[in-house]
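What follows is a set of notes on a single structure, which appears directly below.
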Amino acid sequence: MSNPRAKSENAPEKVVERRANAAHTSMFLRMLWRAAVLRRGRAASALLAMVVAAAVATAMMNLYIDVQAKLRKEFRNYGANVVVVGKDGTSLPGDALNKIDATLAGRGMAVPFAYVVARTTSGQSVVVAGTGFAKVQKLNHWWSVTAWPMEPQGALVGKRALPVVSPDGKPFDLSFQGHTIHLTPAGTLQTGAAEDSRVYLPMAEFLAWSGVQPSTIEIAVNGSQEEVSATITQFAAVLSNADIRPVRQIMEGEARVLGKTRATLYAAAVLIILTAALCVLATLTGWVFDRRRDFAIMKALGASESLVSGFFAAEATALGAVGALLGFVIGIGIAAWIGRVNFNAPVVPRLSVLPFVMAGSMAVALLSAMLPMSLLRRIQPAVILKGE
Amino acid sequence: MFARLLYESFWRQKRRKLLAGVAITLGVAVATAMIAVATDIGDKINRELRTYGANLLVMPQEDTIDVEIGGVNLKPPSDGNFLSEADLPKIRGTFWRHNIVGFSPMLPVNISVEGRSATLLGTYFSKKIVFGKDVTTTGVRVTHPWWKVQGSWPGDESQDVLLGEHLASKLGKHAGDALDIAGHAYPISGILSTGGAEDDQIVARLALAQAVLGKPDAVRRIYVSAMTKPEDTLARRDPKTMNPELFDRWYCSPYVQSIAYQLQEAIPHSHAEQIRQVAQNEGTVLSRIKGLMLLVTLAALFASALAVSAAMATAIFERRQEVGLMKALGAGKVAVASLFFAESTLLAVFGGIAGFFAGSFLAHRIGRSIFDSQITIQPVLFPVILSIAVIVTFAGSAAAIRRAVQFDPVFALRGDA
């Protein structure tokens with residue numbers, strides 16, 4: 001390896017002139033710049049370590065923040081977490097659904113249910129429910145339905161109710177308080193719960209036939225546990241004559257599983273970020289320690305302790321900042337990829353993570369520069385230059 | 001000579017070896033902990049998902065339909081068929097009994113309390129079930145963990161009952177009062193809050209409901225809470241259309257369908273079905289969380305591999321003067337390289353062993369603090385981890401060793417390299 005300065009294309013006198021006129025700060029910048037360019041290999045490996053660490057840290061923090069929202073969406077597939085019922089089994093006031101929808105303001109979905117006990121032609125009792133099929137389909141993903149009724153007078157018949165109302169799949173009649181309705185079994189419903197014993201009708205047809213208003217509104221409220229509790233309080237304020245019940249089975253299960261997942265992810269994030277930080281520390285410490293000759297020459301040429309420390313500190317900080325920026329971009333990419341692969345939805349980039357990654361990177365870089373510096377400071381430049 | 005060089009290198013450069021060793025140990029520890037957590041997280045989350053309650057329902061085969069709205073049964077009480085309580089312990093004899101976390105029999109009876117009609121629900125609270133040598137406790141406290149009692153839970157042999165909170169406020173009763181059911185006074189041991197239909201009911205031990213109904217041994221429903229494997233195409237197939245080999249595979253997988261099939265086999269005249277709200281959703285939640293942890297583990301492996309190779313590269317780069325000296329004294333490239341590779345392998349083995357045990361401890365702590373249970377570390381993980389450590393250390397040092405070997409001894413010794 002030859003002396004790199006010989007490669008300079010400038011004539012010596014021009015260099016001297018330019019250097020003489022240059023401001024003092026530019027010497028500092030020049031030292032920084034040349035240090036990075038001349039030892040390209042080592043500087044690049046230090047930067048690489050920095051970038052990877054920042055990328056992994058960004059991805060983990062971003063995931064940690066976003067995973068809650070992603071998993072909540074999965075948990076909403078369990079259906080309603082709040083149920084509003086009329087007091088003592090009575091019907092709800094007609095404007096209850098509108099009030100609930102206004103309170104929700106798009107933060108969830110409310111589906112009304114009305115129930116009566118009707119009689120089949122053979123005199124058997126069966127529960128008939130009226131609801132909005134389009135909404136139910138969205139709220140209760142687990143309903144296994146052969147075909148959703150599209151035609152008027154089409155009914156969705158529970159698997160266990162089917163042999164009672166229409167054993168041969170033919171149209172059937174149901175009567176309630178002297179009114180009879182003629183229905184076609186359009187599809188069968190299977191849930192493994194009480195729904196299997198019921199017949200479901202569109203709400204408009206149900207109302208026209210029985211005249212019974214909805215007695216239950218099932219609501220899926222989005223958001224965290226606090227947000228759901230706040231929404232329940234709001235419901236209680238607008239609906240004075242109804243019982244508002246949180247579905248504890250759903251809410252507690254969600255809280256528990258979500259809490260455990262987040263705790264595990266937190267532990268994983270801490271471990272990974274710690275490893276990445278240690279990787280940076282090892283690489284950078286080696287890098288700075290390796291340049292003890294530069295350090296000794298600077299001191300031998302009369303540089304003050306603070307100037308030399310400042311130089312290495314500035315170098316480390318610059319490396320940390322550049323590494324953090326590049327790593328942030330890559331980390332966002334990794335998080336988005338994980339989101340796409342696992343949740344079929346990209347993880348939203350969080351700019352709020354950037355200051356943490358930036359500060360963390362610069363702190364680790366500074367620390368790894370200062371550790372060998374404090375060691376070197378105690379040694380005479382002559383000893384270092386002699387190569388001992 | 002080679003062995004001596006190796007020995008002296010470790011003996012004289014303790015600080016550097018320690019640094020590289022610590023990096024390897026740390027990297028391996030994080031990798032071990034993450035792999036252990038990721039392989040076990042499915043099981044752990046599956047157990048947590050059981051807080052959603054039963055995912056299987058067993059009912060009489062020739063059952064009439066339910067006529068109930070909001071948990072209030074509108075059918076004559078003696079209507080319909082019943083299962084036999086005596087058959088219940090057979091659930092513990094099924095193939096996937098270890099996956100069955102618990103079960104609760106239910107017997108609703110229509111009664112009148114102080115002039116009101118109400119439902120009396122007979123069940124197990126926390127009852128000891130004996131099947132052969134197998135003894136377990138089961139009941140609603142296992143299958144319905146969200147049920148909360150203000151006061152105390154009744155014993156499974158006592159006359160105490162639980163009163164649903166809505167019914168309690170309507171009747172003006174509190175824990176400690178007595179409730180008059182069918183001419184007998186039963187003490188109320190606690191007020192039950194469930195957020196469901198039971199808030200308007202009275203819950204008692206099964207035998208009490210059987211006595212009120214006049215049908216000893218009768219059970220209307222059995223709620224079974226089982227840990228299942230997420231459904232796939234094989235799970236959804238009809239077992240009747242399978243060939244024997246495929247059927248065995250289906251039967252021996254803990255799908256919710258195959259557990260339902262086995263429950264039907266165990267309990268005579270029964271029909272078992274999955275509760276789709278619980279069973280269908282836990283599969284997606286489980287696979288999402290498992291997938292997430294798998295990807296995070298990959299990130300952890302990547303980060304620790306990088307940390308190890310960075311530490312190795314730094315350690316070797318620092319020793320170029322030594323390489324220069326060896327070469328100046330006539331050592332060939334092969335000799336120098338093999339010394340370094342031997343050193344890294346030794347470091348990797350020691351670091352790997354230490355890291356594995358540190359990682360196992362870490363995984364153990366994570367399991368204890370987050371899931372309150374042991375995270376099992378498969379012994380097969382040990383050779384896998386160790387070989388990964390050796391490979392990563394090798395790969396990490398290969399580039400640095402190649403460069404070290406190519407140094408011109410003159411420059412290396414002058415310190416200009």
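Naming works like this for the structure tokens: A, B, ... for the chains as they're shown, residue 1 at the start of each chain, ligands 1 onward in shown order.
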
For this session: List the neighbours of region 10-27 of chain B out to 9 Å using only C-alpha atoms; skip same-chain residues closer than 4 positions along the sequence, and give me the result as JSON, numbers by chain.
Result: {"A": [275, 278, 279, 282], "B": [5, 6, 31, 32, 300, 301, 303, 304, 305, 306, 307, 308, 309, 310, 311, 312, 314, 315, 343, 347, 348, 350, 351, 352, 353, 354, 355, 356, 358, 359, 389, 393]}

Shell of 12 Å around Val56 (chain A), only C-alpha atoms, local chain residues under 5 positions omitted, as an mmCIF file with C-alpha atoms, in the first residue's frame:
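The resulting file, selection_13.cif, is reproduced below:
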data_model
loop_
_atom_site.group_PDB
_atom_site.id
_atom_site.type_symbol
_atom_site.label_atom_id
_atom_site.label_comp_id
_atom_site.auth_asym_id
_atom_site.auth_seq_id
_atom_site.Cartn_x
_atom_site.Cartn_y
_atom_site.Cartn_z
ATOM 1 C CA ALA A 49 -22.694 -2.406 12.131
ATOM 2 C CA MET A 50 -24.353 0.897 13.047
ATOM 3 C CA VAL A 51 -26.875 0.664 10.198
ATOM 4 C CA MET A 61 -39.833 -0.679 18.088
ATOM 5 C CA ASN A 62 -42.139 -0.120 15.146
ATOM 6 C CA LEU A 63 -43.516 -3.649 15.431
ATOM 7 C CA ALA A 268 -37.539 -10.066 22.375
ATOM 8 C CA ALA A 269 -37.096 -6.412 21.385
ATOM 9 C CA VAL A 270 -34.948 -5.680 24.425
ATOM 10 C CA LEU A 271 -32.739 -8.719 23.750
ATOM 11 C CA ILE A 272 -32.340 -7.931 20.075
ATOM 12 C CA ILE A 273 -31.608 -4.242 20.579
ATOM 13 C CA LEU A 274 -29.101 -5.099 23.308
ATOM 14 C CA THR A 275 -27.310 -7.544 21.015
ATOM 15 C CA ALA A 276 -27.263 -5.028 18.194
ATOM 16 C CA ALA A 277 -25.900 -2.319 20.505
ATOM 17 C CA CYS A 279 -22.250 -5.475 18.122
ATOM 18 C CA GLY A 323 -26.065 4.994 10.594
ATOM 19 C CA ALA A 324 -29.314 5.778 12.424
ATOM 20 C CA LEU A 326 -29.938 4.715 6.968
ATOM 21 C CA GLY A 327 -30.935 2.081 9.524
ATOM 22 C CA PHE A 328 -34.259 3.798 10.159
ATOM 23 C CA VAL A 329 -35.188 3.583 6.484
ATOM 24 C CA ILE A 330 -34.176 -0.086 6.283
ATOM 25 C CA GLY A 331 -35.889 -0.892 9.597
ATOM 26 C CA ILE A 332 -39.161 0.625 8.374
ATOM 27 C CA GLY A 333 -38.826 -1.637 5.359
ATOM 28 C CA ILE A 334 -38.284 -4.726 7.535
ATOM 29 C CA ALA A 335 -41.286 -3.869 9.731
ATOM 30 C CA VAL A 357 -33.158 5.391 17.336
ATOM 31 C CA SER A 361 -27.296 5.235 18.030
ATOM 32 C CA LEU B 295 -40.061 -13.494 12.072
ATOM 33 C CA VAL B 296 -38.806 -11.767 15.203
ATOM 34 C CA THR B 297 -36.651 -14.817 15.950
ATOM 35 C CA LEU B 298 -35.192 -14.567 12.460
ATOM 36 C CA ALA B 299 -34.323 -10.929 13.194
ATOM 37 C CA ALA B 300 -32.729 -11.988 16.484
ATOM 38 C CA LEU B 301 -30.684 -14.714 14.782
ATOM 39 C CA PHE B 302 -29.556 -12.213 12.160
ATOM 40 C CA ALA B 303 -28.559 -9.625 14.774
ATOM 41 C CA SER B 304 -26.648 -12.137 16.876
ATOM 42 C CA LEU B 306 -23.797 -10.125 12.902
#

For this session: Check every residue of chain B for an atom within 6 Å of chain A, counting only C-alpha atoms, and provide those that qualify as a ChimeraX atom specification.
Result: /B:48,51-52,65-67,146,195,273-277,291,300,303,307,311,314

For this session: Pick out the residues sitting within 6 Å of Val157 (chain A), and hand them over as number ranges by chain; count only C-alpha atoms, and ignore anything fewer than 3 positions along from it in its own chain.
Result: A: 162, 188-189, 199

How would the residues just picked look written out with N, CA and C atoms as a PDB file, in the first residue's frame?
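Saved as out-v2.pdb:
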ATOM      1  N   LEU A 162     -83.551 -26.563  11.190  1.00  0.00           N
ATOM      2  CA  LEU A 162     -83.983 -26.973   9.851  1.00  0.00           C
ATOM      3  C   LEU A 162     -84.898 -28.207   9.868  1.00  0.00           C
ATOM      4  N   THR A 188     -78.406 -22.462   5.222  1.00  0.00           N
ATOM      5  CA  THR A 188     -78.337 -22.996   6.581  1.00  0.00           C
ATOM      6  C   THR A 188     -77.180 -22.337   7.322  1.00  0.00           C
ATOM      7  N   LEU A 189     -77.390 -22.201   8.625  1.00  0.00           N
ATOM      8  CA  LEU A 189     -76.426 -21.532   9.486  1.00  0.00           C
ATOM      9  C   LEU A 189     -75.892 -22.534  10.502  1.00  0.00           C
ATOM     10  N   VAL A 199     -84.272 -19.281  13.492  1.00  0.00           N
ATOM     11  CA  VAL A 199     -84.489 -18.911  12.089  1.00  0.00           C
ATOM     12  C   VAL A 199     -84.246 -17.406  11.992  1.00  0.00           C
TER      13      VAL A 199
END

For this session: From the DSSP assignment of the backbone, select every residue of region 152-326 of chain A that is helix (DSSP H, G or I), and format the answer as a ChimeraX atom specification.
Result: /A:162-165,194-197,203-210,225-238,248-290,292-300,305-326

For the residues in that selection, give me C-alpha atoms as a compact mmCIF listing (two decimals), in the first residue's frame.
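Contents of result-v7.txt, as written:
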# COMPACT_ATOMS: atom_id res chain seq x y z
CA LEU A 162 -83.98 -26.97 9.85
CA PRO A 163 -85.42 -30.47 10.58
CA VAL A 164 -88.17 -28.80 12.64
CA VAL A 165 -89.31 -26.05 10.27
CA ALA A 194 -77.73 -21.07 20.34
CA GLU A 195 -77.96 -19.64 16.78
CA ASP A 196 -78.27 -23.19 15.40
CA SER A 197 -81.78 -23.49 16.85
CA MET A 203 -85.11 -6.95 9.95
CA ALA A 204 -87.62 -5.19 7.65
CA GLU A 205 -89.56 -8.39 6.95
CA PHE A 206 -89.39 -9.41 10.59
CA LEU A 207 -90.82 -6.05 11.70
CA ALA A 208 -93.60 -6.10 9.12
CA TRP A 209 -94.61 -9.58 10.24
CA SER A 210 -94.27 -9.50 14.03
CA GLN A 225 -59.55 -1.55 26.79
CA GLU A 226 -59.68 2.03 28.10
CA GLU A 227 -61.29 3.26 24.89
CA VAL A 228 -63.90 0.50 25.06
CA SER A 229 -64.68 1.34 28.71
CA ALA A 230 -65.00 5.02 27.78
CA THR A 231 -67.40 4.12 24.96
CA ILE A 232 -69.48 2.00 27.36
CA THR A 233 -69.78 5.01 29.67
CA GLN A 234 -70.92 7.13 26.71
CA PHE A 235 -73.55 4.52 25.81
CA ALA A 236 -74.83 4.55 29.38
CA ALA A 237 -75.22 8.34 29.15
CA VAL A 238 -77.31 8.31 25.95
CA ARG A 248 -66.42 -10.23 29.65
CA GLN A 249 -65.57 -13.49 27.89
CA ILE A 250 -64.34 -11.57 24.85
CA MET A 251 -62.76 -8.61 26.62
CA GLU A 252 -60.81 -10.60 29.20
CA GLY A 253 -59.56 -13.15 26.70
CA GLU A 254 -58.37 -10.38 24.42
CA ALA A 255 -56.65 -8.45 27.21
CA ARG A 256 -54.86 -11.56 28.40
CA VAL A 257 -53.60 -12.86 25.08
CA LEU A 258 -52.65 -9.38 23.90
CA GLY A 259 -50.81 -8.63 27.13
CA LYS A 260 -48.79 -11.84 26.96
CA THR A 261 -47.92 -11.34 23.32
CA ARG A 262 -46.81 -7.80 23.92
CA ALA A 263 -44.72 -8.82 26.92
CA THR A 264 -43.00 -11.53 24.87
CA LEU A 265 -42.38 -9.12 22.03
CA TYR A 266 -41.03 -6.60 24.50
CA ALA A 267 -38.57 -9.12 25.90
CA ALA A 268 -37.54 -10.07 22.38
CA ALA A 269 -37.10 -6.41 21.38
CA VAL A 270 -34.95 -5.68 24.43
CA LEU A 271 -32.74 -8.72 23.75
CA ILE A 272 -32.34 -7.93 20.07
CA ILE A 273 -31.61 -4.24 20.58
CA LEU A 274 -29.10 -5.10 23.31
CA THR A 275 -27.31 -7.54 21.01
CA ALA A 276 -27.26 -5.03 18.19
CA ALA A 277 -25.90 -2.32 20.50
CA LEU A 278 -23.16 -4.67 21.71
CA CYS A 279 -22.25 -5.48 18.12
CA VAL A 280 -21.82 -1.75 17.47
CA LEU A 281 -19.85 -1.31 20.66
CA ALA A 282 -17.45 -4.12 19.74
CA THR A 283 -16.88 -2.88 16.20
CA LEU A 284 -16.51 0.79 17.04
CA THR A 285 -14.27 0.21 20.03
CA GLY A 286 -11.99 -1.83 17.83
CA TRP A 287 -12.05 0.86 15.19
CA VAL A 288 -11.08 3.67 17.54
CA PHE A 289 -8.52 1.58 19.38
CA ASP A 290 -6.99 0.68 16.08
CA ARG A 292 -4.20 4.95 18.43
CA ARG A 293 -1.36 6.06 16.12
CA ASP A 294 -3.50 8.89 14.68
CA PHE A 295 -4.29 9.83 18.24
CA ALA A 296 -0.64 9.80 19.24
CA ILE A 297 0.47 11.82 16.20
CA MET A 298 -2.18 14.45 16.84
CA LYS A 299 -1.02 14.78 20.41
CA ALA A 300 2.64 14.78 19.41
CA GLU A 305 -6.60 16.75 24.90
CA SER A 306 -10.02 18.32 24.32
CA LEU A 307 -9.42 18.77 20.59
CA VAL A 308 -8.49 15.12 20.16
CA SER A 309 -11.42 13.96 22.26
CA GLY A 310 -13.68 16.33 20.36
CA PHE A 311 -12.42 14.93 17.10
CA PHE A 312 -13.15 11.33 18.00
CA ALA A 313 -16.46 12.27 19.60
CA ALA A 314 -17.57 14.21 16.53
CA GLU A 315 -16.56 11.32 14.33
CA ALA A 316 -18.50 8.82 16.39
CA THR A 317 -21.57 11.09 16.56
CA ALA A 318 -21.54 11.62 12.81
CA LEU A 319 -21.24 7.88 12.28
CA GLY A 320 -24.10 7.27 14.70
CA ALA A 321 -26.33 9.86 13.01
CA VAL A 322 -25.69 8.61 9.47
CA GLY A 323 -26.07 4.99 10.59
CA ALA A 324 -29.31 5.78 12.42
CA LEU A 325 -30.82 7.51 9.38
CA LEU A 326 -29.94 4.72 6.97

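Taking CA of Leu174 (chain A) and CA of Gly132 (chain A) as endpoints, the distance between them is 19.6 Å.
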
Using only C-alpha atoms, which protein or nucleic acid residues come within 12 Å of Asp40 (chain B)? Drop anything in the same chain fewer than 2 positions from it, and give the result as a PDB file with N, CA and C atoms, in the first residue's frame.
ATOM      1  N   THR A 264     -44.005 -10.702  25.539  1.00  0.00           N
ATOM      2  CA  THR A 264     -43.002 -11.532  24.871  1.00  0.00           C
ATOM      3  C   THR A 264     -42.246 -10.711  23.837  1.00  0.00           C
TER       4      THR A 264
ATOM      5  N   ALA B  33     -32.458 -18.299  23.484  1.00  0.00           N
ATOM      6  CA  ALA B  33     -33.664 -17.859  24.181  1.00  0.00           C
ATOM      7  C   ALA B  33     -34.792 -17.612  23.190  1.00  0.00           C
ATOM      8  N   MET B  34     -34.463 -16.948  22.087  1.00  0.00           N
ATOM      9  CA  MET B  34     -35.515 -16.617  21.124  1.00  0.00           C
ATOM     10  C   MET B  34     -36.066 -17.872  20.451  1.00  0.00           C
ATOM     11  N   ILE B  35     -35.172 -18.809  20.097  1.00  0.00           N
ATOM     12  CA  ILE B  35     -35.654 -20.040  19.455  1.00  0.00           C
ATOM     13  C   ILE B  35     -36.531 -20.815  20.439  1.00  0.00           C
ATOM     14  N   ALA B  36     -36.089 -20.894  21.686  1.00  0.00           N
ATOM     15  CA  ALA B  36     -36.871 -21.624  22.686  1.00  0.00           C
ATOM     16  C   ALA B  36     -38.235 -20.984  22.874  1.00  0.00           C
ATOM     17  N   VAL B  37     -38.261 -19.652  22.965  1.00  0.00           N
ATOM     18  CA  VAL B  37     -39.541 -18.968  23.156  1.00  0.00           C
ATOM     19  C   VAL B  37     -40.423 -19.155  21.927  1.00  0.00           C
ATOM     20  N   ALA B  38     -39.816 -19.017  20.739  1.00  0.00           N
ATOM     21  CA  ALA B  38     -40.622 -19.112  19.517  1.00  0.00           C
ATOM     22  C   ALA B  38     -41.194 -20.509  19.327  1.00  0.00           C
ATOM     23  N   GLY B  42     -46.462 -21.161  20.685  1.00  0.00           N
ATOM     24  CA  GLY B  42     -47.739 -21.691  20.216  1.00  0.00           C
ATOM     25  C   GLY B  42     -48.494 -22.344  21.356  1.00  0.00           C
ATOM     26  N   ASP B  43     -47.785 -23.202  22.078  1.00  0.00           N
ATOM     27  CA  ASP B  43     -48.372 -23.906  23.200  1.00  0.00           C
ATOM     28  C   ASP B  43     -48.824 -22.937  24.289  1.00  0.00           C
ATOM     29  N   LYS B  44     -47.964 -21.940  24.556  1.00  0.00           N
ATOM     30  CA  LYS B  44     -48.272 -20.995  25.629  1.00  0.00           C
ATOM     31  C   LYS B  44     -49.490 -20.142  25.276  1.00  0.00           C
ATOM     32  N   ILE B  45     -49.508 -19.623  24.043  1.00  0.00           N
ATOM     33  CA  ILE B  45     -50.641 -18.779  23.649  1.00  0.00           C
ATOM     34  C   ILE B  45     -51.905 -19.620  23.563  1.00  0.00           C
ATOM     35  N   ASN B  46     -51.771 -20.868  23.110  1.00  0.00           N
ATOM     36  CA  ASN B  46     -52.919 -21.764  23.050  1.00  0.00           C
ATOM     37  C   ASN B  46     -53.564 -21.884  24.434  1.00  0.00           C
ATOM     38  N   ARG B  47     -52.720 -21.994  25.454  1.00  0.00           N
ATOM     39  CA  ARG B  47     -53.209 -22.086  26.824  1.00  0.00           C
ATOM     40  C   ARG B  47     -53.888 -20.777  27.228  1.00  0.00           C
ATOM     41  N   LEU B 286     -53.707 -17.581  16.815  1.00  0.00           N
ATOM     42  CA  LEU B 286     -52.529 -18.391  17.124  1.00  0.00           C
ATOM     43  C   LEU B 286     -51.499 -18.322  15.997  1.00  0.00           C
ATOM     44  N   ILE B 289     -49.719 -14.913  15.877  1.00  0.00           N
ATOM     45  CA  ILE B 289     -48.725 -14.692  16.929  1.00  0.00           C
ATOM     46  C   ILE B 289     -47.505 -15.568  16.686  1.00  0.00           C
ATOM     47  N   LYS B 290     -47.752 -16.818  16.249  1.00  0.00           N
ATOM     48  CA  LYS B 290     -46.627 -17.702  15.968  1.00  0.00           C
ATOM     49  C   LYS B 290     -45.786 -17.146  14.819  1.00  0.00           C
ATOM     50  N   MET B 293     -43.682 -14.223  16.009  1.00  0.00           N
ATOM     51  CA  MET B 293     -42.526 -14.608  16.812  1.00  0.00           C
ATOM     52  C   MET B 293     -41.457 -15.272  15.946  1.00  0.00           C
ATOM     53  N   LEU B 294     -41.887 -15.995  14.923  1.00  0.00           N
ATOM     54  CA  LEU B 294     -40.931 -16.645  14.025  1.00  0.00           C
ATOM     55  C   LEU B 294     -40.100 -15.581  13.302  1.00  0.00           C
ATOM     56  N   ALA B 363     -34.614 -17.972  28.707  1.00  0.00           N
ATOM     57  CA  ALA B 363     -35.921 -18.466  28.247  1.00  0.00           C
ATOM     58  C   ALA B 363     -36.762 -18.881  29.447  1.00  0.00           C
ATOM     59  N   HIS B 364     -36.107 -19.520  30.405  1.00  0.00           N
ATOM     60  CA  HIS B 364     -36.777 -19.951  31.623  1.00  0.00           C
ATOM     61  C   HIS B 364     -37.371 -18.742  32.352  1.00  0.00           C
ATOM     62  N   ILE B 366     -38.087 -15.793  31.044  1.00  0.00           N
ATOM     63  CA  ILE B 366     -39.173 -15.212  30.240  1.00  0.00           C
ATOM     64  C   ILE B 366     -40.457 -16.010  30.468  1.00  0.00           C
ATOM     65  N   GLY B 367     -40.328 -17.342  30.428  1.00  0.00           N
ATOM     66  CA  GLY B 367     -41.497 -18.196  30.642  1.00  0.00           C
ATOM     67  C   GLY B 367     -42.114 -17.966  32.003  1.00  0.00           C
ATOM     68  N   PHE B 371     -45.469 -16.073  31.274  1.00  0.00           N
ATOM     69  CA  PHE B 371     -46.525 -17.078  31.154  1.00  0.00           C
ATOM     70  C   PHE B 371     -46.744 -17.882  32.428  1.00  0.00           C
ATOM     71  N   SER B 373     -45.176 -20.234  33.522  1.00  0.00           N
ATOM     72  CA  SER B 373     -44.955 -21.660  33.335  1.00  0.00           C
ATOM     73  C   SER B 373     -43.607 -21.873  32.664  1.00  0.00           C
ATOM     74  N   GLN B 374     -43.190 -23.116  32.723  1.00  0.00           N
ATOM     75  CA  GLN B 374     -41.874 -23.466  32.211  1.00  0.00           C
ATOM     76  C   GLN B 374     -41.841 -23.399  30.687  1.00  0.00           C
ATOM     77  N   ILE B 375     -40.771 -22.861  30.141  1.00  0.00           N
ATOM     78  CA  ILE B 375     -40.560 -22.998  28.699  1.00  0.00           C
ATOM     79  C   ILE B 375     -39.620 -24.180  28.529  1.00  0.00           C
ATOM     80  N   THR B 376     -40.119 -25.214  27.840  1.00  0.00           N
ATOM     81  CA  THR B 376     -39.293 -26.416  27.708  1.00  0.00           C
ATOM     82  C   THR B 376     -38.261 -26.199  26.606  1.00  0.00           C
ATOM     83  N   ILE B 377     -37.016 -26.594  26.906  1.00  0.00           N
ATOM     84  CA  ILE B 377     -35.955 -26.481  25.916  1.00  0.00           C
ATOM     85  C   ILE B 377     -35.650 -27.879  25.419  1.00  0.00           C
ATOM     86  N   GLN B 378     -35.931 -28.112  24.154  1.00  0.00           N
ATOM     87  CA  GLN B 378     -35.662 -29.432  23.580  1.00  0.00           C
ATOM     88  C   GLN B 378     -34.152 -29.677  23.601  1.00  0.00           C
TER      89      GLN B 378
END

Exercise. Where does DSSP see strand (DSSP E) in region 73-236 of chain B, if you list the residues as a ChimeraX atom specification?
Worked result: /B:73,83-84,100-113,116-123,127-131,134-138,148-151,161-164,178-181,184-193,201-205,218-219,221-226

Store the residues picked out above in a file with C-alpha atoms, as a short mmCIF file (atom, residue, chain, number, x, y, z; two decimals), in the first residue's frame.
data_model
loop_
_atom_site.label_atom_id
_atom_site.label_comp_id
_atom_site.auth_asym_id
_atom_site.auth_seq_id
_atom_site.Cartn_x
_atom_site.Cartn_y
_atom_site.Cartn_z
CA ASN B 73 -85.31 -21.15 28.39
CA LEU B 83 -76.67 -37.21 28.69
CA SER B 84 -75.59 -39.31 31.64
CA ILE B 100 -58.47 -31.20 27.23
CA VAL B 101 -57.97 -28.41 29.74
CA GLY B 102 -61.33 -28.89 31.40
CA PHE B 103 -65.03 -29.56 30.96
CA SER B 104 -68.24 -28.48 32.65
CA PRO B 105 -71.58 -30.23 32.52
CA MET B 106 -74.60 -27.94 32.45
CA LEU B 107 -78.20 -28.67 33.41
CA PRO B 108 -80.60 -25.71 33.19
CA VAL B 109 -83.86 -26.11 35.11
CA ASN B 110 -86.78 -23.67 35.03
CA ILE B 111 -87.84 -22.79 38.55
CA SER B 112 -89.72 -20.04 40.30
CA VAL B 113 -88.03 -17.95 42.93
CA ARG B 116 -90.36 -14.88 39.51
CA SER B 117 -89.50 -17.51 36.95
CA ALA B 118 -85.77 -18.03 36.70
CA THR B 119 -83.27 -20.58 35.48
CA LEU B 120 -81.32 -22.75 37.87
CA LEU B 121 -78.11 -23.90 36.26
CA GLY B 122 -76.50 -27.01 37.65
CA THR B 123 -72.80 -27.48 36.99
CA LYS B 127 -64.86 -30.95 41.01
CA LYS B 128 -62.41 -33.80 41.35
CA ILE B 129 -62.87 -36.33 38.55
CA VAL B 130 -61.41 -39.80 38.88
CA PHE B 131 -60.90 -41.99 35.81
CA ASP B 134 -56.11 -40.23 36.43
CA VAL B 135 -57.35 -37.57 38.86
CA THR B 136 -58.19 -34.05 37.68
CA THR B 137 -60.21 -31.13 38.86
CA THR B 138 -62.57 -29.53 36.41
CA LYS B 148 -66.27 -13.56 38.86
CA VAL B 149 -67.75 -14.21 42.26
CA GLN B 150 -68.28 -11.64 44.96
CA GLY B 151 -68.22 -13.65 48.13
CA VAL B 161 -75.66 -21.51 45.40
CA LEU B 162 -74.42 -18.55 43.38
CA LEU B 163 -76.87 -15.82 42.41
CA GLY B 164 -76.42 -13.89 39.14
CA ALA B 178 -80.81 -17.64 51.92
CA LEU B 179 -82.73 -18.39 48.73
CA ASP B 180 -85.93 -20.37 48.65
CA ILE B 181 -86.01 -22.88 45.79
CA HIS B 184 -85.89 -25.59 50.43
CA ALA B 185 -83.77 -22.70 51.65
CA TYR B 186 -80.29 -22.64 50.14
CA PRO B 187 -77.57 -20.29 51.39
CA ILE B 188 -76.17 -17.84 48.81
CA SER B 189 -72.40 -18.04 49.05
CA GLY B 190 -71.65 -15.40 46.44
CA ILE B 191 -72.93 -13.06 43.73
CA LEU B 192 -71.90 -14.13 40.23
CA SER B 193 -70.92 -11.72 37.48
CA GLN B 201 -79.63 -17.12 36.66
CA ILE B 202 -78.94 -19.14 39.77
CA VAL B 203 -75.91 -21.41 39.56
CA ALA B 204 -75.66 -24.45 41.80
CA ARG B 205 -73.88 -27.76 41.90
CA ALA B 218 -79.09 -36.02 33.89
CA VAL B 219 -76.83 -33.55 32.01
CA ARG B 221 -74.79 -29.99 27.76
CA ILE B 222 -71.08 -30.47 28.32
CA TYR B 223 -68.75 -27.56 27.60
CA VAL B 224 -65.26 -28.78 26.78
CA SER B 225 -62.22 -26.57 26.64
CA ALA B 226 -59.42 -28.14 24.59
#

For this session: Find the spatial neighbours of Pro93 (chain A), counting only C-alpha atoms, within a cut-off of 9 Å - ignore same-chain residues fewer than 2 positions away - and output them as a PyMOL selection string.
Result: chain A and resi 86+91+95-97+213-215+239+241-242
